[in-house]
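J.: Handing you a structure now.
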Amino acid sequence: MRTETGTVIRLEDYRPSDYLIETTDLSFSLQPDATVVRAKLGIRRREGVPADAPLTLDGDELVLKDLRINGETLAENGFTVSPDRLSIGELPESDTFTVEIETALDPSANKQLMGLYRSSGTYCTQCEAEGFRRITYFLDRPDVLSVYTVRIEARTEDAPLLLSNGNRIEDGVLDNGWHYAVWHDPFPKPSYLFALVAGNLGVVRDSFTTMSGRDVALEIYVEHGKEPRAAFAMDALKRSMKWDEEAFGREYDLDVFMIVAVSDFNMGAMENKGLNVFNDKYVLADERTATDADYANIEAIIAHEYFHNWTGNRITCRDWFQLCLKEGLTVFRDHEFSADMRSRTVKRIAEVKLLKAHQFPEDAGPLAHPVRPRRYSEINNFYTATVYEKGSEVVRMIRTILGPEKFRAGLDLYFDRHDGEAATIEQFIKAFEDASGKDLSQFALWYEQPGTPNLIVSNNYDAAAKQFTLTVEQRLKPPVEGAPHAPMHIPVKFGLVGAGDMEWNGVSGADVTGDVIHITKPKHEIVFEGIAERPVPSLLRGFSAPVTIYPEPDDGELAFLARNDPDEYGRWQALSALIARQMKQAAFRTDDDSGDVLDLATCDILTQIASDDSYEHAFRAFCLTLPGENDIAREIGSDIDPDAIHRVHAAASRQLGKAGERIFARLFHGLEANGPYSPDAVSAGKRSLRNIALSYLCHAAGDIELAAKVYGDADNMTDRAHALALMVHLKPKADETLDALAAFQQEFRAEPIVMDKWFMIQATAPGAKTLDSVKALTGNPGFAWDNPNRVRALIGAYSTGNPTGFNRADGEGYQFLCQAIGRIDGYNPQVAARLLTAMRSWKNLEAGRRELARGAMATLAERQNLSRDVRDILDRTLT
Ligand code: TRP
Ligand code: ZN
């Protein structure tokens with residue numbers, strides 16, 4: 001196991017490699033615990049590099065069996081080798097030569113799930129970011145592009161299926177029941193995009209004709225018997241391919257596109273060229289086993305990985321500091337795809353909620369980093385909400401600033417210029433500058449400066465002069481010491497709301513183009529002329545920049561916007577700010593959980609929206625969803641008492657449930673499904689509104705009778721899982737609850753990804769007692785410490801989705817998490833390190849819990865042999 005070595009990698013130290021690997025011929029002889037890999041690398045010395053420059057290749061836990069240069073065995077003193085490095089000093093004079101390397105691997109023992117490993121008997125690989133070096137010694141960095149030819153040999157019985165990137169160019173039978181296949185990928189690629197899959201899987205086939213008329217074979221590989229559950233994923237793939245042609249002019253480039261679903265996977269999915277590997281929970285779905293949220297995730301992730309073919313694969317990253325070049329851009333593309341497939345406003349609301357729930361706390365805590373970090377000690381710890389989600393918001397802002405046409409022209413230029421290259425953020429920005437003629441140098445600070453900018457706003461209306469003045473100041477409190485904090489270019493979409501959006505006949509003090517104010521200076525006084533009456537400004541429509549606004553409008557103005565903003569997103573934004581403020585205020589009113597949390601006007605707006613059929617169902621469902629306990633905690637920001645917040649949340653649910661009881665009953669009965677299940681967005685919206693109504697009815701009644709009935713009657717997992725969660729969270733010990741839990745386990749015990757819901761629902765039951773059930777559930781036969789999905793469903797959900805259960809006043813929750821991390825770190829550092837990020841906001845807790853949280857982490861830090869992954873998160877979190 002790799003342990004901490006203390007090396008820090010710096011952006012400014014980037015230097016191209018001395019050698020290139022132009023061709024990579026791999027040959028795998030697959031055996032469960034004794035696989036042999038032969039690599040023949042076609043090396044070229046870069047021009048100007050002296051012949052005595054050593055060739056130093058990366059490795060990780062490798063065992064070298066043989067080494068040849070131009071076919072000749074090397075003298076012992078011609079190289080040095082260790083499990084993590086092969087350095088060859090004695091090289092031919094000529095600029096090109098071959099290096100042949102034989103390594104021996106034990107895929108069955110690989111529980112890190114990086115490199116070549118086995119998942120339920122299937123051989124598979126995961127190479128991003130630095131997993132290829134666990135297969136063979138290599139220049140394992142994204143700027144070394146190579147053309148791969150891969151021969152795979154295996155026992156036909158164990159692995160009838162042999163897959164790698166590109167096109168199959170040969171296959172055949174060998175002696176002793178073995179067979180082989182040879183794959184060739186004509187597109188040069190970095191090693192992190194290499195993939196191999198071998199095993200015995202079922203397949204779903206389809207095809208797609210591209211815009212230039214080429215036929216592409218589509219194949220999705222899943223466990224035998226699960227083929228029908230891949231139908232939705234296949235449909236999502238075809239829609240993604242079509243959409244990328246229409247929206248961005250991007251056509252697929254190989255003759256075959258394959259997706260393989262595996263059950264042991266560290267993250268969501270991986271974009272390997274022509275052979276995407278997926279966590280099976282993001283492929284498999286039918287109404288009996290998957291929720292509407294699962295369907296939406298599958299659609300988004302299938303699209304995301306497919307879109308990487310252009311944004312990531314055809315144009316890749318020069319180094320891992322540029323990770324947002326592919327991830328931020330690809331997230332932006334999958335967001336746009338989902339917006340077009342579903343409802344744009346509803347999709348945007350979901351994105352903003354997610355951004356605020358995950359990225360804002362990251363940016364406000366000890367793990368804050370720029371969208372493009374400048375240093376790292378473990379790159380796996382930088383696959384973060386900041387790189388992905390804020391990275392996407394930065395791309396969205398470029399579009400807002402340039403407008404859709406110039407944005408598209410800039411992206412086209414980027415594709416044109418850099419196809420086949422490993423690029424940087426500077427080159428990305430330059431393409432937009434050149435296509436638009438705009439200077440984006442100030443804008444580029446979004447990639448450099450960590451932290452969430454705060455806009456401090458005030459306004460003034462001069463009736464006599466018909467002038468409305470908006471004062472906007474930007475402040476960035478950099479949580480990272482020494483980080484720059486120059487004023488940024490912040491595009492603020494807005495409207496001045498009266499009876500509708502008002503017009504003005506002159507504006508000064510800032511660049512205002514259309515409905516966007518460009519904040520570029522520390523302070524702007526923006527004067528709008530010809531304003532006949534005092535407007536209420538609706539700022540940050542569509543969440544046009546990832547910033548906070550302070551102070552938010554007063555309650556009266558928010559209520560006005562919630563009712564009257566012509567912009568639908570603006571209505572939701574105002575309403576949710578109004579509710580959050582009132583819940584936050586109630587959390588400070590100690591020892592009072594009898595009183596009302598929301599004022600009458602707010603309840604009124606909510607019940608009115610609930611019953612207004614002119615709104616989409618999903619929009620109404622979002623409006624009626626109270627900010628979560630974590631959201632309120634984030635708004636409060638310091639000295640957090642999770643129990644007080646929980647009481648307020650419960651009280652608000654009860655209050656609103658009672659206030660709207662008749663409407664909720666009507667929705668609940670009126671929205672009963674009257675046809676077969678369909679996962680489309682409109683049907684999903686109806687289910688979500690009906691299920692919210694059910695929640696309020698249960699909270700108002702203080703019992704779970706209706707939920708138990710829904711649980712029993714439901715014909716789909718969306719309704720079932722929602723009803724079960726209501727029962728477990730409201731009445732964990734009721735007979736109906738225990739019966740439902742037992743029935744669920746009985747029905748799904750053989751389906752791990754469905755059982756994850758069962759684990760998650762129990763792990764998120766509020767209250768201190770939940771720790772006992774979480775501990776007991778680790779002994780459940782369905783739980784497995786070495787499967788990342790199980791660990792996330794139980795321990796991840798407990799530590800991030802259960803504020804009262806996890807933040808027990810006695811600190812036992814923190815102890816449990818840190819012990820679990822210590823255990824998991826022994827075999828899967830990536831998953832262990834990610835679990836630890838649940839502690840990132842520990843400094844915001846009230847003093848008692850804060851000290852206990854620190855203590856639990858300090859105990860973990862005392863362990864010897866912690867991985868570099870966990871050590872890095874721990875060091876940064878504790879300081
Ligand atoms: N590049 C992948 C994506 O965003 C995610 C990824 C990075 C990954 N590292 C990984 C997946 C390790 C699995 C394991 O689509
Ligand atoms: Zn990605």
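Scheme for the structure tokens: letters A, B, ... for chains in order shown; per-chain residue numbers from 1; ligand numbers from 1 in order shown.
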Mind listing the residues within 7 Å of ligand 2, only C-alpha atoms and all ligand atoms counted, as a PyMOL selection string?
T.: chain A and resi 304-305+308+326-327+330-331
J.: Give the residue list for ligand 1 at 6 Å, counting only C-alpha atoms and all ligand atoms, as a list in words, sorted by chain and then by residue number.
T.: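 So the residues close to ligand 1 are Gln126, Glu128, Ala129, Asn266, Met267, Gly268, Ala269, Met270, Glu271 and Glu305 of chain A.
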J.: What would the file look like if the residues just selected were written as a PDB file, in the first residue's frame with C-alpha atoms?
T.:
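Final output, again26.pdb:
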```pdb
ATOM      1  CA  GLN A 126      -9.898   1.872 -13.772  1.00  0.00           C
ATOM      2  CA  GLU A 128      -7.954   7.649 -14.101  1.00  0.00           C
ATOM      3  CA  ALA A 129      -6.129   9.364 -12.653  1.00  0.00           C
ATOM      4  CA  ASN A 266     -15.028   3.890  -6.763  1.00  0.00           C
ATOM      5  CA  MET A 267     -17.051   6.604  -8.454  1.00  0.00           C
ATOM      6  CA  GLY A 268     -19.966   7.034 -10.855  1.00  0.00           C
ATOM      7  CA  ALA A 269     -18.535   6.090 -14.225  1.00  0.00           C
ATOM      8  CA  MET A 270     -15.472   6.419 -16.448  1.00  0.00           C
ATOM      9  CA  GLU A 271     -15.161   7.764 -19.989  1.00  0.00           C
ATOM     10  CA  GLU A 305     -19.431  10.022 -20.092  1.00  0.00           C
TER      11      GLU A 305
END
```
J.: List the spatial neighbours of A:Glu747 as a short mmCIF file (atom, residue, chain, number, x, y, z; two decimals) with all heavy atoms, in the first residue's frame - criterion: any atom at most 12 Å away, only C-alpha atoms, same-chain residues fewer than 5 positions off excluded.
T.:
```
data_model
loop_
_atom_site.label_atom_id
_atom_site.label_comp_id
_atom_site.auth_asym_id
_atom_site.auth_seq_id
_atom_site.Cartn_x
_atom_site.Cartn_y
_atom_site.Cartn_z
N ARG A 288 -39.51 -1.27 -10.78
CA ARG A 288 -39.57 -2.03 -9.54
C ARG A 288 -38.36 -1.72 -8.63
O ARG A 288 -38.45 -1.81 -7.42
CB ARG A 288 -39.58 -3.53 -9.86
CG ARG A 288 -39.99 -4.43 -8.71
CD ARG A 288 -40.02 -5.90 -9.12
NE ARG A 288 -38.67 -6.46 -9.27
CZ ARG A 288 -37.96 -6.97 -8.27
NH1 ARG A 288 -38.46 -7.02 -7.05
NH2 ARG A 288 -36.75 -7.44 -8.49
N THR A 289 -37.22 -1.35 -9.26
CA THR A 289 -35.99 -1.23 -8.48
C THR A 289 -35.38 0.17 -8.45
O THR A 289 -34.53 0.44 -7.62
CB THR A 289 -34.92 -2.18 -9.07
OG1 THR A 289 -34.76 -1.88 -10.45
CG2 THR A 289 -35.34 -3.64 -8.93
N ALA A 740 -42.55 -3.21 7.12
CA ALA A 740 -42.17 -2.75 5.78
C ALA A 740 -40.67 -2.98 5.54
O ALA A 740 -40.27 -3.43 4.45
CB ALA A 740 -42.50 -1.26 5.62
N LEU A 741 -39.85 -2.69 6.54
CA LEU A 741 -38.41 -2.92 6.40
C LEU A 741 -38.12 -4.40 6.15
O LEU A 741 -37.30 -4.76 5.30
CB LEU A 741 -37.66 -2.46 7.66
CG LEU A 741 -37.38 -0.95 7.76
CD1 LEU A 741 -36.85 -0.59 9.15
CD2 LEU A 741 -36.39 -0.50 6.69
N ALA A 742 -38.82 -5.26 6.88
CA ALA A 742 -38.60 -6.70 6.71
C ALA A 742 -39.04 -7.15 5.32
O ALA A 742 -38.35 -7.93 4.65
CB ALA A 742 -39.35 -7.47 7.79
N PRO A 752 -28.19 -6.00 -4.54
CA PRO A 752 -27.43 -5.05 -3.72
C PRO A 752 -27.76 -3.59 -3.97
O PRO A 752 -27.90 -2.82 -3.02
CB PRO A 752 -25.97 -5.36 -4.08
CG PRO A 752 -26.00 -6.78 -4.55
CD PRO A 752 -27.32 -6.98 -5.20
N VAL A 754 -30.41 -2.23 -4.85
CA VAL A 754 -31.71 -1.87 -4.27
C VAL A 754 -31.59 -1.86 -2.75
O VAL A 754 -32.15 -0.98 -2.08
CB VAL A 754 -32.81 -2.85 -4.74
CG1 VAL A 754 -34.18 -2.32 -4.32
CG2 VAL A 754 -32.76 -3.02 -6.25
N MET A 755 -30.86 -2.82 -2.20
CA MET A 755 -30.66 -2.84 -0.75
C MET A 755 -29.95 -1.58 -0.25
O MET A 755 -30.10 -1.19 0.91
CB MET A 755 -29.85 -4.09 -0.34
CG MET A 755 -30.66 -5.37 -0.35
SD MET A 755 -32.07 -5.31 0.78
CE MET A 755 -31.21 -5.50 2.36
N TRP A 758 -32.32 0.64 1.24
CA TRP A 758 -32.74 0.15 2.56
C TRP A 758 -31.71 0.57 3.62
O TRP A 758 -32.05 1.03 4.70
CB TRP A 758 -32.85 -1.38 2.44
CG TRP A 758 -33.41 -2.13 3.58
CD1 TRP A 758 -34.74 -2.33 3.86
CD2 TRP A 758 -32.67 -2.89 4.56
NE1 TRP A 758 -34.86 -3.15 4.96
CE2 TRP A 758 -33.61 -3.50 5.40
CE3 TRP A 758 -31.30 -3.10 4.78
CZ2 TRP A 758 -33.22 -4.33 6.47
CZ3 TRP A 758 -30.93 -3.91 5.83
CH2 TRP A 758 -31.88 -4.52 6.66
#
```
J.: Work out how far apart atom CA of A:Pro766 and atom CA of A:Pro781 are and give it in Å to one decimal.
T.: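 Between atom CA of A:Pro766 and atom CA of A:Pro781 the gap works out to 23.9 Å.
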J.: Could you give me, as a PyMOL selection string, each residue of stretch 111-257 of chain A that DSSP assigns to alpha helix (DSSP H) when run on this structure's backbone?
T.: chain A and resi 231-248
J.: What lies within 8 Å of A:Met583 using only C-alpha atoms, ignoring chain neighbours under 5 positions off, as number ranges by chain?
T.: A: 597-598, 632, 648-649, 652
J.: Need the shell around A:Arg790: protein/DNA/RNA residues with any atom at most 9 Å away, counting only C-alpha atoms. Skip same-chain ones fewer than 4 positions apart. Format as a list of chain:residue names?
T.: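 In the requested form, the answer reads A:Pro752, A:Ile753, A:Met755, A:Asp756, A:Phe759, A:Gly782, A:Phe783, A:Ala784, A:Trp785, A:Asp786, A:Leu794, A:Ile795, A:Gly796.
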J.: Quick check, in Å to one decimal: how far apart do atom CA of A:Leu411 and atom CA of A:Glu568 lie?
T.: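 Interatomic distance here is 29.0 Å.
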J.: Could you please write out, as a list in words, every residue of stretch 303-417 of chain A that DSSP assigns to strand (DSSP E or B)?
T.: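 Restricting stretch 303-417 of chain A to strand (DSSP E or B) produces Thr311, Ile315, Thr316, Cys317, Arg375 and Tyr376 of chain A.
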J.: Excluding stretch 496-513 of chain A and its own-chain neighbours fewer than 4 positions away, which residues fall within 10 Å of it when counting only C-alpha atoms? Please give them as number ranges by chain.
T.: A: 401, 466-472, 491-492, 517-521, 523-539, 560-561, 564-567
J.: Generate a file of the selected residues that holds C-alpha atoms, formatted as an mmCIF file, in the first residue's frame.
T.:
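Wrote part20.cif, looks like this:
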```
data_model
loop_
_atom_site.group_PDB
_atom_site.id
_atom_site.type_symbol
_atom_site.label_atom_id
_atom_site.label_comp_id
_atom_site.auth_asym_id
_atom_site.auth_seq_id
_atom_site.Cartn_x
_atom_site.Cartn_y
_atom_site.Cartn_z
ATOM 1 C CA ILE A 401 -21.007 36.913 -20.922
ATOM 2 C CA LYS A 466 -37.139 58.762 -11.504
ATOM 3 C CA GLN A 467 -33.801 57.200 -10.715
ATOM 4 C CA PHE A 468 -33.178 53.824 -9.192
ATOM 5 C CA THR A 469 -29.694 53.247 -7.818
ATOM 6 C CA LEU A 470 -28.316 49.820 -7.135
ATOM 7 C CA THR A 471 -25.086 49.654 -5.179
ATOM 8 C CA VAL A 472 -23.126 46.446 -5.520
ATOM 9 C CA PRO A 491 -22.335 38.444 -14.492
ATOM 10 C CA VAL A 492 -25.554 39.196 -12.616
ATOM 11 C CA ILE A 517 -25.066 43.547 -15.074
ATOM 12 C CA HIS A 518 -21.327 43.004 -15.386
ATOM 13 C CA ILE A 519 -19.791 43.497 -11.976
ATOM 14 C CA THR A 520 -16.069 43.999 -12.517
ATOM 15 C CA LYS A 521 -14.976 46.555 -9.943
ATOM 16 C CA LYS A 523 -17.887 48.651 -6.035
ATOM 17 C CA HIS A 524 -20.491 49.835 -8.534
ATOM 18 C CA GLU A 525 -23.216 52.404 -8.187
ATOM 19 C CA ILE A 526 -25.559 51.587 -11.003
ATOM 20 C CA VAL A 527 -28.123 54.222 -11.836
ATOM 21 C CA PHE A 528 -31.206 53.354 -13.889
ATOM 22 C CA GLU A 529 -33.014 56.298 -15.448
ATOM 23 C CA GLY A 530 -36.687 56.693 -16.208
ATOM 24 C CA ILE A 531 -38.031 54.408 -13.505
ATOM 25 C CA ALA A 532 -41.588 55.478 -12.735
ATOM 26 C CA GLU A 533 -42.023 53.705 -9.385
ATOM 27 C CA ARG A 534 -39.833 51.935 -6.834
ATOM 28 C CA PRO A 535 -38.991 48.504 -8.195
ATOM 29 C CA VAL A 536 -37.913 45.397 -6.349
ATOM 30 C CA PRO A 537 -34.679 44.150 -7.910
ATOM 31 C CA SER A 538 -34.629 40.483 -8.810
ATOM 32 C CA LEU A 539 -30.940 39.656 -8.802
ATOM 33 C CA PHE A 560 -43.387 40.155 -3.463
ATOM 34 C CA LEU A 561 -40.835 38.490 -5.735
ATOM 35 C CA ASN A 564 -44.608 38.499 -8.908
ATOM 36 C CA ASP A 565 -41.184 37.945 -10.402
ATOM 37 C CA PRO A 566 -41.831 37.389 -14.119
ATOM 38 C CA ASP A 567 -38.857 35.017 -14.005
#
```
J.: With distances taken over only C-alpha atoms, which residue among A:Ser29, A:Thr424, A:Gln449, A:Thr345 lies nearest A:Arg541?
T.: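 For A:Arg541, the nearest of the candidates is A:Thr345.
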J.: Give me the residues within 9 Å of A:Ala261 as an mmCIF file with N, CA, C and O atoms, in the first residue's frame, counting only C-alpha atoms and dropping any in the same chain fewer than 3 places off.
T.:
```
data_model
loop_
_atom_site.group_PDB
_atom_site.id
_atom_site.type_symbol
_atom_site.label_atom_id
_atom_site.label_comp_id
_atom_site.auth_asym_id
_atom_site.auth_seq_id
_atom_site.Cartn_x
_atom_site.Cartn_y
_atom_site.Cartn_z
ATOM 1 N N ILE A 220 -24.356 -2.421 -24.549
ATOM 2 C CA ILE A 220 -24.298 -2.233 -23.093
ATOM 3 C C ILE A 220 -24.219 -3.612 -22.444
ATOM 4 O O ILE A 220 -25.079 -4.470 -22.670
ATOM 5 N N TYR A 221 -23.149 -3.819 -21.667
ATOM 6 C CA TYR A 221 -22.907 -5.112 -21.034
ATOM 7 C C TYR A 221 -23.299 -5.061 -19.563
ATOM 8 O O TYR A 221 -22.851 -4.178 -18.835
ATOM 9 N N VAL A 222 -24.128 -6.019 -19.179
ATOM 10 C CA VAL A 222 -24.607 -6.087 -17.786
ATOM 11 C C VAL A 222 -24.606 -7.558 -17.347
ATOM 12 O O VAL A 222 -24.442 -8.454 -18.174
ATOM 13 N N GLU A 223 -24.797 -7.760 -16.043
ATOM 14 C CA GLU A 223 -24.920 -9.118 -15.532
ATOM 15 C C GLU A 223 -26.020 -9.871 -16.293
ATOM 16 O O GLU A 223 -27.055 -9.288 -16.616
ATOM 17 N N ALA A 269 -18.779 6.721 -12.939
ATOM 18 C CA ALA A 269 -18.535 6.090 -14.225
ATOM 19 C C ALA A 269 -17.241 6.643 -14.803
ATOM 20 O O ALA A 269 -16.702 7.626 -14.292
ATOM 21 N N ASN A 276 -16.821 2.824 -22.087
ATOM 22 C CA ASN A 276 -17.126 3.420 -20.789
ATOM 23 C C ASN A 276 -17.380 2.321 -19.765
ATOM 24 O O ASN A 276 -18.039 1.328 -20.065
ATOM 25 N N VAL A 277 -16.843 2.493 -18.573
ATOM 26 C CA VAL A 277 -17.142 1.561 -17.485
ATOM 27 C C VAL A 277 -17.972 2.305 -16.450
ATOM 28 O O VAL A 277 -17.645 3.434 -16.075
ATOM 29 N N PHE A 278 -19.063 1.682 -16.042
ATOM 30 C CA PHE A 278 -20.028 2.334 -15.159
ATOM 31 C C PHE A 278 -20.223 1.576 -13.860
ATOM 32 O O PHE A 278 -20.261 0.342 -13.845
ATOM 33 N N ASN A 279 -20.402 2.305 -12.803
ATOM 34 C CA ASN A 279 -21.008 1.781 -11.590
ATOM 35 C C ASN A 279 -22.412 1.315 -11.988
ATOM 36 O O ASN A 279 -23.179 2.081 -12.574
ATOM 37 N N ASP A 280 -22.754 0.067 -11.671
ATOM 38 C CA ASP A 280 -24.016 -0.470 -12.213
ATOM 39 C C ASP A 280 -25.251 0.295 -11.751
ATOM 40 O O ASP A 280 -26.284 0.278 -12.422
ATOM 41 N N LYS A 281 -25.140 1.024 -10.633
ATOM 42 C CA LYS A 281 -26.316 1.781 -10.197
ATOM 43 C C LYS A 281 -26.650 2.916 -11.161
ATOM 44 O O LYS A 281 -27.748 3.474 -11.115
ATOM 45 N N TYR A 282 -25.686 3.278 -12.030
ATOM 46 C CA TYR A 282 -25.959 4.319 -13.024
ATOM 47 C C TYR A 282 -26.233 3.762 -14.424
ATOM 48 O O TYR A 282 -26.161 4.480 -15.417
ATOM 49 N N VAL A 283 -26.560 2.466 -14.455
ATOM 50 C CA VAL A 283 -26.987 1.858 -15.719
ATOM 51 C C VAL A 283 -28.349 1.176 -15.549
ATOM 52 O O VAL A 283 -29.261 1.363 -16.354
ATOM 53 N N LEU A 284 -28.476 0.406 -14.473
ATOM 54 C CA LEU A 284 -29.630 -0.488 -14.340
ATOM 55 C C LEU A 284 -30.841 0.214 -13.742
ATOM 56 O O LEU A 284 -30.749 0.848 -12.692
#
```
J.: Between atom CA of A:Val147 and atom CA of A:Glu61, what distance in Å does the model show, to one decimal?
T.: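 Result for atom CA of A:Val147 versus atom CA of A:Glu61: 24.9 Å, one decimal.
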J.: Between A:Arg834, A:His179, A:Arg155, A:Lys273, which residue has the minimum interatomic distance to A:Phe194, considering only C-alpha atoms?
T.: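 Closest candidate: A:Lys273.
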J.: Here is a test: counting only C-alpha atoms, which residue of A:Val37, A:Ile302, A:Ala793, A:Met857 is nearest to A:Cys818?
T.: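 When distances to A:Cys818 are compared using only C-alpha atoms, the smallest one comes from A:Met857.
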